[in-house]
>>> print(open('final-v1.txt').read())   # compact mmCIF, C-alpha atoms
# COMPACT_ATOMS: atom_id res chain seq x y z
CA MET F 1 -206.98 49.29 -130.94
CA LEU F 2 -208.70 45.92 -131.41
CA THR F 3 -206.95 43.26 -133.39
CA SER F 4 -208.98 41.94 -136.28
CA PRO F 5 -210.05 38.25 -136.25
CA ARG F 6 -208.03 37.70 -139.42
CA VAL F 7 -204.79 38.81 -137.70
CA ILE F 8 -205.55 36.63 -134.66
CA ARG F 9 -206.23 33.63 -136.88
CA PHE F 10 -203.06 34.25 -138.86
CA THR F 11 -201.01 34.46 -135.64
CA GLN F 12 -202.51 31.23 -134.33
CA TYR F 13 -201.75 29.40 -137.56
CA ALA F 14 -198.21 30.83 -137.63
CA ILE F 15 -197.51 29.55 -134.12
CA ILE F 16 -199.00 26.13 -134.91
CA TYR F 17 -197.01 25.73 -138.11
CA ALA F 18 -193.82 26.94 -136.40
CA VAL F 19 -194.20 24.28 -133.68
CA LEU F 20 -195.05 21.58 -136.25
CA GLY F 21 -192.13 22.66 -138.43
CA LEU F 22 -189.72 22.40 -135.48
CA GLY F 23 -191.09 18.97 -134.58
CA SER F 24 -190.77 17.80 -138.19
CA PHE F 25 -187.17 19.01 -138.31
CA LEU F 26 -186.28 17.15 -135.12
CA ILE F 27 -187.80 13.95 -136.55
CA LEU F 28 -186.43 14.23 -140.09
CA PHE F 29 -182.90 15.39 -139.19
CA PRO F 30 -181.59 12.00 -137.95
CA LEU F 31 -183.29 10.24 -140.87
CA ALA F 32 -181.62 12.56 -143.35
CA TRP F 33 -178.28 12.13 -141.56
CA ALA F 34 -178.64 8.34 -141.72
CA ALA F 35 -179.49 8.41 -145.44
CA THR F 36 -176.49 10.59 -146.35
CA SER F 37 -174.08 8.78 -144.00
CA ALA F 38 -175.02 5.48 -145.64
CA LEU F 39 -173.29 6.73 -148.79
CA LYS F 40 -170.03 7.70 -147.08
CA PRO F 41 -166.87 5.79 -146.19
CA ASN F 42 -166.91 4.60 -142.60
CA THR F 43 -164.23 7.12 -141.61
CA GLU F 44 -166.39 10.08 -142.74
CA VAL F 45 -169.63 9.16 -140.97
CA PHE F 46 -168.80 11.20 -137.86
CA ALA F 47 -166.51 13.70 -139.52
CA VAL F 48 -166.75 17.33 -138.34
CA PRO F 49 -167.88 19.49 -140.04
CA MET F 50 -170.48 17.15 -141.48
CA ASN F 51 -170.67 16.84 -145.25
CA TRP F 52 -174.30 16.43 -146.23
CA ILE F 53 -173.60 15.52 -149.85
CA PRO F 54 -170.82 12.93 -150.26
CA GLU F 55 -168.36 13.75 -153.04
CA ASN F 56 -168.09 10.10 -154.10
CA PRO F 57 -171.24 8.27 -153.00
CA LEU F 58 -170.59 4.63 -152.11
CA TRP F 59 -173.71 2.92 -153.41
CA GLU F 60 -172.17 -0.46 -152.72
CA ASN F 61 -172.90 0.15 -149.03
CA PHE F 62 -176.48 -0.85 -149.85
CA ILE F 63 -175.29 -4.03 -151.61
CA LEU F 64 -172.61 -5.28 -149.20
CA PRO F 65 -175.05 -6.24 -146.38
CA PHE F 66 -176.74 -8.62 -148.82
CA ARG F 67 -173.48 -9.87 -150.32
CA GLU F 68 -171.41 -10.32 -147.14
CA LYS F 69 -174.27 -11.12 -144.76
CA ALA F 70 -177.59 -12.90 -145.24
CA PHE F 71 -179.74 -9.77 -145.03
CA GLY F 72 -182.22 -11.14 -147.53
CA THR F 73 -182.88 -14.00 -145.10
CA TYR F 74 -183.12 -11.56 -142.20
CA PHE F 75 -185.71 -9.51 -144.09
CA LEU F 76 -187.70 -12.65 -144.86
CA ASN F 77 -187.59 -13.84 -141.24
CA SER F 78 -188.76 -10.46 -139.97
CA ILE F 79 -191.62 -10.40 -142.47
CA ILE F 80 -192.71 -13.94 -141.57
CA ALA F 81 -192.49 -13.27 -137.85
CA ALA F 82 -194.31 -9.93 -138.10
CA LEU F 83 -197.16 -11.21 -140.30
CA ALA F 84 -197.67 -14.34 -138.20
CA SER F 85 -197.55 -12.33 -134.99
CA VAL F 86 -200.12 -9.86 -136.36
CA ALA F 87 -202.49 -12.63 -137.45
CA LEU F 88 -202.29 -14.45 -134.13
CA THR F 89 -202.58 -11.23 -132.11
CA VAL F 90 -205.72 -10.17 -133.98
CA VAL F 91 -207.35 -13.59 -133.55
CA ILE F 92 -206.50 -13.92 -129.85
CA SER F 93 -207.37 -10.29 -129.06
CA CYS F 94 -210.75 -10.50 -130.81
CA LEU F 95 -211.67 -13.78 -129.13
CA ALA F 96 -210.54 -12.63 -125.68
CA GLY F 97 -212.03 -9.15 -126.08
CA PHE F 98 -215.38 -10.58 -127.20
CA SER F 99 -215.45 -12.99 -124.27
CA LEU F 100 -214.55 -10.35 -121.69
CA ALA F 101 -216.97 -7.77 -123.13
CA LYS F 102 -220.11 -9.74 -124.01
CA TYR F 103 -220.23 -12.83 -121.76
CA ARG F 104 -220.95 -13.07 -118.06
CA TYR F 105 -219.25 -15.85 -116.16
CA PHE F 106 -217.51 -16.43 -112.86
CA GLY F 107 -214.05 -14.90 -112.68
CA ARG F 108 -214.41 -12.71 -115.75
CA ASN F 109 -213.31 -9.50 -114.00
CA ILE F 110 -210.51 -11.32 -112.19
CA ALA F 111 -209.24 -12.68 -115.50
CA PHE F 112 -209.38 -9.20 -117.03
CA LEU F 113 -207.44 -7.71 -114.10
CA ALA F 114 -204.89 -10.51 -114.37
CA ILE F 115 -204.41 -9.73 -118.06
CA LEU F 116 -204.03 -6.00 -117.33
CA SER F 117 -201.52 -6.71 -114.56
CA THR F 118 -199.13 -8.23 -117.09
CA MET F 119 -198.79 -4.81 -118.70
CA MET F 120 -196.88 -3.68 -115.61
CA LEU F 121 -194.21 -6.37 -116.08
CA PRO F 122 -191.29 -5.50 -118.37
CA VAL F 123 -190.08 -8.24 -120.67
CA GLN F 124 -186.88 -8.60 -118.62
CA VAL F 125 -188.89 -9.89 -115.64
CA ILE F 126 -190.47 -12.81 -117.53
CA LEU F 127 -187.54 -13.44 -119.88
CA VAL F 128 -185.99 -16.33 -117.92
CA PRO F 129 -189.19 -18.27 -117.13
CA LEU F 130 -190.43 -17.72 -120.68
CA TYR F 131 -187.15 -19.03 -122.04
CA LEU F 132 -187.40 -22.11 -119.82
CA VAL F 133 -190.92 -22.83 -121.08
CA VAL F 134 -189.85 -22.47 -124.71
CA ARG F 135 -186.80 -24.67 -124.08
CA ASP F 136 -188.89 -27.40 -122.46
CA LEU F 137 -191.26 -27.32 -125.44
CA GLY F 138 -188.30 -27.78 -127.78
CA TRP F 139 -188.98 -24.49 -129.56
CA LEU F 140 -185.52 -22.97 -129.40
CA ASP F 141 -184.20 -21.96 -132.83
CA SER F 142 -187.63 -22.31 -134.44
CA TYR F 143 -190.28 -20.02 -135.88
CA GLN F 144 -192.83 -21.07 -133.25
CA GLY F 145 -190.44 -20.11 -130.46
CA LEU F 146 -189.78 -16.80 -132.18
CA ILE F 147 -193.42 -15.96 -132.90
CA LEU F 148 -195.82 -17.53 -130.39
CA PRO F 149 -194.52 -15.91 -127.14
CA GLN F 150 -195.09 -12.50 -128.73
CA ALA F 151 -198.55 -13.30 -130.11
CA VAL F 152 -200.47 -12.61 -126.89
CA ASN F 153 -200.57 -8.91 -126.09
CA ALA F 154 -202.40 -7.57 -123.03
CA PHE F 155 -202.83 -4.09 -124.50
CA SER F 156 -204.46 -5.49 -127.65
CA ILE F 157 -206.89 -7.55 -125.56
CA PHE F 158 -207.69 -4.47 -123.47
CA LEU F 159 -208.24 -2.35 -126.58
CA MET F 160 -210.57 -4.88 -128.21
CA ARG F 161 -212.48 -5.47 -124.99
CA GLN F 162 -213.09 -1.76 -124.44
CA HIS F 163 -214.32 -1.27 -128.00
CA MET F 164 -216.51 -4.37 -128.12
CA LYS F 165 -218.08 -3.38 -124.84
CA SER F 166 -219.39 -0.22 -126.54
CA ILE F 167 -221.17 -2.25 -129.27
CA PRO F 168 -224.90 -2.52 -128.41
CA ASP F 169 -226.02 -5.99 -127.37
CA ASP F 170 -229.06 -5.65 -129.64
CA TYR F 171 -226.96 -6.52 -132.68
CA ILE F 172 -225.74 -9.71 -131.02
CA GLU F 173 -229.20 -10.73 -129.81
CA ALA F 174 -230.65 -10.16 -133.28
CA ALA F 175 -227.96 -12.40 -134.79
CA ARG F 176 -228.70 -15.10 -132.22
CA LEU F 177 -232.40 -14.96 -133.05
CA ASP F 178 -231.45 -15.50 -136.71
CA GLY F 179 -229.64 -18.68 -135.69
CA ALA F 180 -226.06 -17.46 -135.99
CA SER F 181 -223.43 -19.26 -133.92
CA GLU F 182 -221.28 -17.35 -131.44
CA LEU F 183 -218.25 -17.55 -133.72
CA ALA F 184 -220.34 -16.34 -136.68
CA ILE F 185 -221.57 -13.42 -134.57
CA LEU F 186 -217.98 -12.44 -133.81
CA ILE F 187 -216.81 -12.72 -137.42
CA ARG F 188 -219.85 -11.33 -139.25
CA VAL F 189 -221.24 -8.81 -136.77
CA VAL F 190 -218.72 -7.69 -134.17
CA MET F 191 -215.45 -7.66 -136.12
CA PRO F 192 -216.81 -5.58 -139.06
CA MET F 193 -217.90 -3.00 -136.48
CA SER F 194 -214.41 -3.07 -134.92
CA ARG F 195 -212.30 -2.27 -137.99
CA ALA F 196 -210.71 0.83 -136.42
CA SER F 197 -209.63 -1.02 -133.27
CA ILE F 198 -208.41 -4.00 -135.29
CA SER F 199 -206.37 -1.65 -137.47
CA ALA F 200 -204.73 -0.21 -134.35
CA VAL F 201 -203.98 -3.72 -133.07
CA VAL F 202 -202.41 -4.62 -136.44
CA ILE F 203 -200.14 -1.56 -136.38
CA PHE F 204 -198.98 -2.05 -132.78
CA ALA F 205 -198.45 -5.80 -133.21
CA PHE F 206 -196.48 -5.35 -136.44
CA LEU F 207 -194.20 -2.68 -134.96
CA ALA F 208 -193.65 -4.69 -131.77
CA SER F 209 -192.61 -7.76 -133.76
CA TRP F 210 -190.60 -5.89 -136.40
CA ASP F 211 -188.59 -3.94 -133.80
CA SER F 212 -188.19 -6.82 -131.32
CA TYR F 213 -184.58 -7.42 -130.36
CA VAL F 214 -184.33 -8.93 -126.87
CA TRP F 215 -186.53 -12.00 -127.38
CA PRO F 216 -185.06 -13.04 -130.78
CA LEU F 217 -181.60 -12.55 -129.28
CA VAL F 218 -182.45 -15.01 -126.51
CA VAL F 219 -184.34 -17.67 -128.47
CA VAL F 220 -182.41 -17.68 -131.78
CA THR F 221 -178.83 -18.82 -132.27
CA LYS F 222 -178.95 -20.02 -135.88
CA ASP F 223 -178.03 -17.46 -138.51
CA ALA F 224 -180.84 -18.74 -140.78
CA LEU F 225 -183.44 -17.56 -138.23
CA ARG F 226 -182.03 -14.14 -137.40
CA THR F 227 -184.32 -11.13 -137.79
CA LEU F 228 -183.37 -7.65 -138.97
CA PRO F 229 -182.55 -6.17 -135.52
CA LEU F 230 -180.18 -9.07 -134.89
CA GLY F 231 -178.70 -8.63 -138.35
CA LEU F 232 -178.05 -4.94 -137.74
CA SER F 233 -176.25 -5.72 -134.49
CA MET F 234 -173.71 -7.79 -136.45
CA PHE F 235 -172.17 -4.58 -137.83
CA PHE F 236 -170.93 -3.63 -134.35
CA SER F 237 -168.25 -5.31 -132.29
CA GLU F 238 -165.68 -4.35 -129.67
CA TYR F 239 -163.01 -4.27 -132.38
CA ALA F 240 -164.67 -2.47 -135.29
CA SER F 241 -168.01 -0.98 -136.27
CA GLU F 242 -169.28 -0.58 -139.82
CA TYR F 243 -171.57 2.39 -139.31
CA ASN F 244 -172.02 3.18 -142.98
CA GLN F 245 -173.26 -0.31 -143.89
CA ALA F 246 -175.42 -0.47 -140.77
CA LEU F 247 -177.07 2.84 -141.69
CA ALA F 248 -177.59 1.63 -145.25
CA ALA F 249 -179.29 -1.55 -144.04
CA ALA F 250 -181.34 0.42 -141.51
CA SER F 251 -182.42 2.86 -144.23
CA LEU F 252 -183.61 -0.04 -146.37
>>> encode(input="final-v1.txt", output="structure tokens")
Amino acid sequence: MLTSPRVIRFTQYAIIYAVLGLGSFLILFPLAWAATSALKPNTEVFAVPMNWIPENPLWENFILPFREKAFGTYFLNSIIAALASVALTVVISCLAGFSLAKYRYFGRNIAFLAILSTMMLPVQVILVPLYLVVRDLGWLDSYQGLILPQAVNAFSIFLMRQHMKSIPDDYIEAARLDGASELAILIRVVMPMSRASISAVVIFAFLASWDSYVWPLVVVTKDALRTLPLGLSMFFSEYASEYNQALAAASL
């Protein structure tokens, strides 16, 4: 007996939604646990069996990080660092991508390979020499030391170069015939045609800066320049850990 196309389609959709539902559960479960645990006393965070709905929610857990620690400042520092890093990454990636994609000069391919090779180096490999450079420039405990070393991203340059290479040269030649400068061609012709790639660069650069922990930990010692990941680490020590307040701050 042949199965009707409607039954086959229904089975396919059922399997797809079952897999997506399982994936959604695996992603949302720890988020839901963090949100509910943020309202519990610290002693009940890891209690077994787990109580999903606290009997006496402790809403002050969301206030204490701002009252006892400078989390407002940490939020502001993370926002400043992330926005500045995004702006610089977009500018540098567009300029470098345009140069590598649309200009012919000696050493262009070597420069591109050198940029790509940096993607194989983890941050731990360049951490010490990068710190020494920042120290010699006098940028320790400063916004420029926190932001600038993270503003050049090899993947973003690669992404912009690959996309700009697919843009027909006819558009650029037509702009040159109209008397547009090279920078005007990039801003008025190439970048409007690269909105999707620029959006991807913005997302990756923002997340990389917002979640960065190792570099701010190395370059920042002043409490006034701490970012959110550094602020969250202050809830944990070898003597005591305030999981409920840390989960509240992380949820925010």
>>> atom_distance(input="final-v1.txt", atom1="CA of Glu242 in chain F", atom2="CA of Thr43 in chain F")
9.4 Å
>>> axis_aligned_box(input="final-v1.txt", around="range 231-247 of chain F", padding_each_side="3 Å", output="JSON")
{"center_x": -170.9, "center_y": -2.7, "center_z": -136.8, "size_x": 21.7, "size_y": 17.8, "size_z": 20.2}
>>> atom_distance(input="final-v1.txt", atom1="CA of Met50 in chain F", atom2="CA of Leu247 in chain F")
15.8 Å
>>> closest_residue(input="final-v1.txt", among="F:Ser93, F:Gln124, F:Ser24, F:Ser117", to="Ala151 in chain F", atoms="all atoms listed in the file")
F:Ser93
>>> residues_near_point(input="final-v1.txt", point="(-206.2, -8.0, -117.2)", cutoff="12 Å", atoms="only C-alpha atoms", output="ChimeraX atom specification")
/F:96-97,100,107-120,153-159,161-162
>>> write_last_selection(input="final-v1.txt", atoms="C-alpha atoms", output="mmCIF file, keeping the file's coordinate frame")
data_model
loop_
_atom_site.group_PDB
_atom_site.id
_atom_site.type_symbol
_atom_site.label_atom_id
_atom_site.label_comp_id
_atom_site.auth_asym_id
_atom_site.auth_seq_id
_atom_site.Cartn_x
_atom_site.Cartn_y
_atom_site.Cartn_z
ATOM 1 C CA ALA F 96 -210.540 -12.630 -125.680
ATOM 2 C CA GLY F 97 -212.030 -9.150 -126.080
ATOM 3 C CA LEU F 100 -214.550 -10.350 -121.690
ATOM 4 C CA GLY F 107 -214.050 -14.900 -112.680
ATOM 5 C CA ARG F 108 -214.410 -12.710 -115.750
ATOM 6 C CA ASN F 109 -213.310 -9.500 -114.000
ATOM 7 C CA ILE F 110 -210.510 -11.320 -112.190
ATOM 8 C CA ALA F 111 -209.240 -12.680 -115.500
ATOM 9 C CA PHE F 112 -209.380 -9.200 -117.030
ATOM 10 C CA LEU F 113 -207.440 -7.710 -114.100
ATOM 11 C CA ALA F 114 -204.890 -10.510 -114.370
ATOM 12 C CA ILE F 115 -204.410 -9.730 -118.060
ATOM 13 C CA LEU F 116 -204.030 -6.000 -117.330
ATOM 14 C CA SER F 117 -201.520 -6.710 -114.560
ATOM 15 C CA THR F 118 -199.130 -8.230 -117.090
ATOM 16 C CA MET F 119 -198.790 -4.810 -118.700
ATOM 17 C CA MET F 120 -196.880 -3.680 -115.610
ATOM 18 C CA ASN F 153 -200.570 -8.910 -126.090
ATOM 19 C CA ALA F 154 -202.400 -7.570 -123.030
ATOM 20 C CA PHE F 155 -202.830 -4.090 -124.500
ATOM 21 C CA SER F 156 -204.460 -5.490 -127.650
ATOM 22 C CA ILE F 157 -206.890 -7.550 -125.560
ATOM 23 C CA PHE F 158 -207.690 -4.470 -123.470
ATOM 24 C CA LEU F 159 -208.240 -2.350 -126.580
ATOM 25 C CA ARG F 161 -212.480 -5.470 -124.990
ATOM 26 C CA GLN F 162 -213.090 -1.760 -124.440
#
>>> atom_distance(input="final-v1.txt", atom1="CA of Val86 in chain F", atom2="CA of Ser181 in chain F")
25.3 Å
>>> closest_residue(input="final-v1.txt", among="F:Phe25, F:Phe10, F:Phe66, F:Phe98", to="Val189 in chain F", atoms="only C-alpha atoms")
F:Phe98
>>> residues_near_point(input="final-v1.txt", point="(-175.0, 15.0, -139.7)", cutoff="10 Å", atoms="only C-alpha atoms", output="JSON, numbers by chain")
{"F": [29, 30, 31, 32, 33, 34, 35, 36, 37, 45, 46, 47, 48, 49, 50, 51, 52]}
>>> residues_around(input="final-v1.txt", residues="Leu252 in chain F", least_positions_apart="2", cutoff="12 Å", atoms="all atoms listed in the file", output="list in words")
Leu31, Ala34, Ala35, Ala38, Asn61, Phe62, Ile63, Pro65, Phe66, Phe71, Gly72, Phe75, Leu228, Leu232, Gln245, Ala246, Leu247, Ala248, Ala249 and Ala250 of chain F
>>> closest_residue(input="final-v1.txt", among="F:Ser99, F:Thr227, F:Ser212, F:Ser78", to="Val123 in chain F", atoms="all atoms listed in the file")
F:Ser212
>>> closest_residue(input="final-v1.txt", among="F:Ser233, F:Ala81, F:Val19, F:Arg195", to="His163 in chain F", atoms="all atoms listed in the file")
F:Arg195
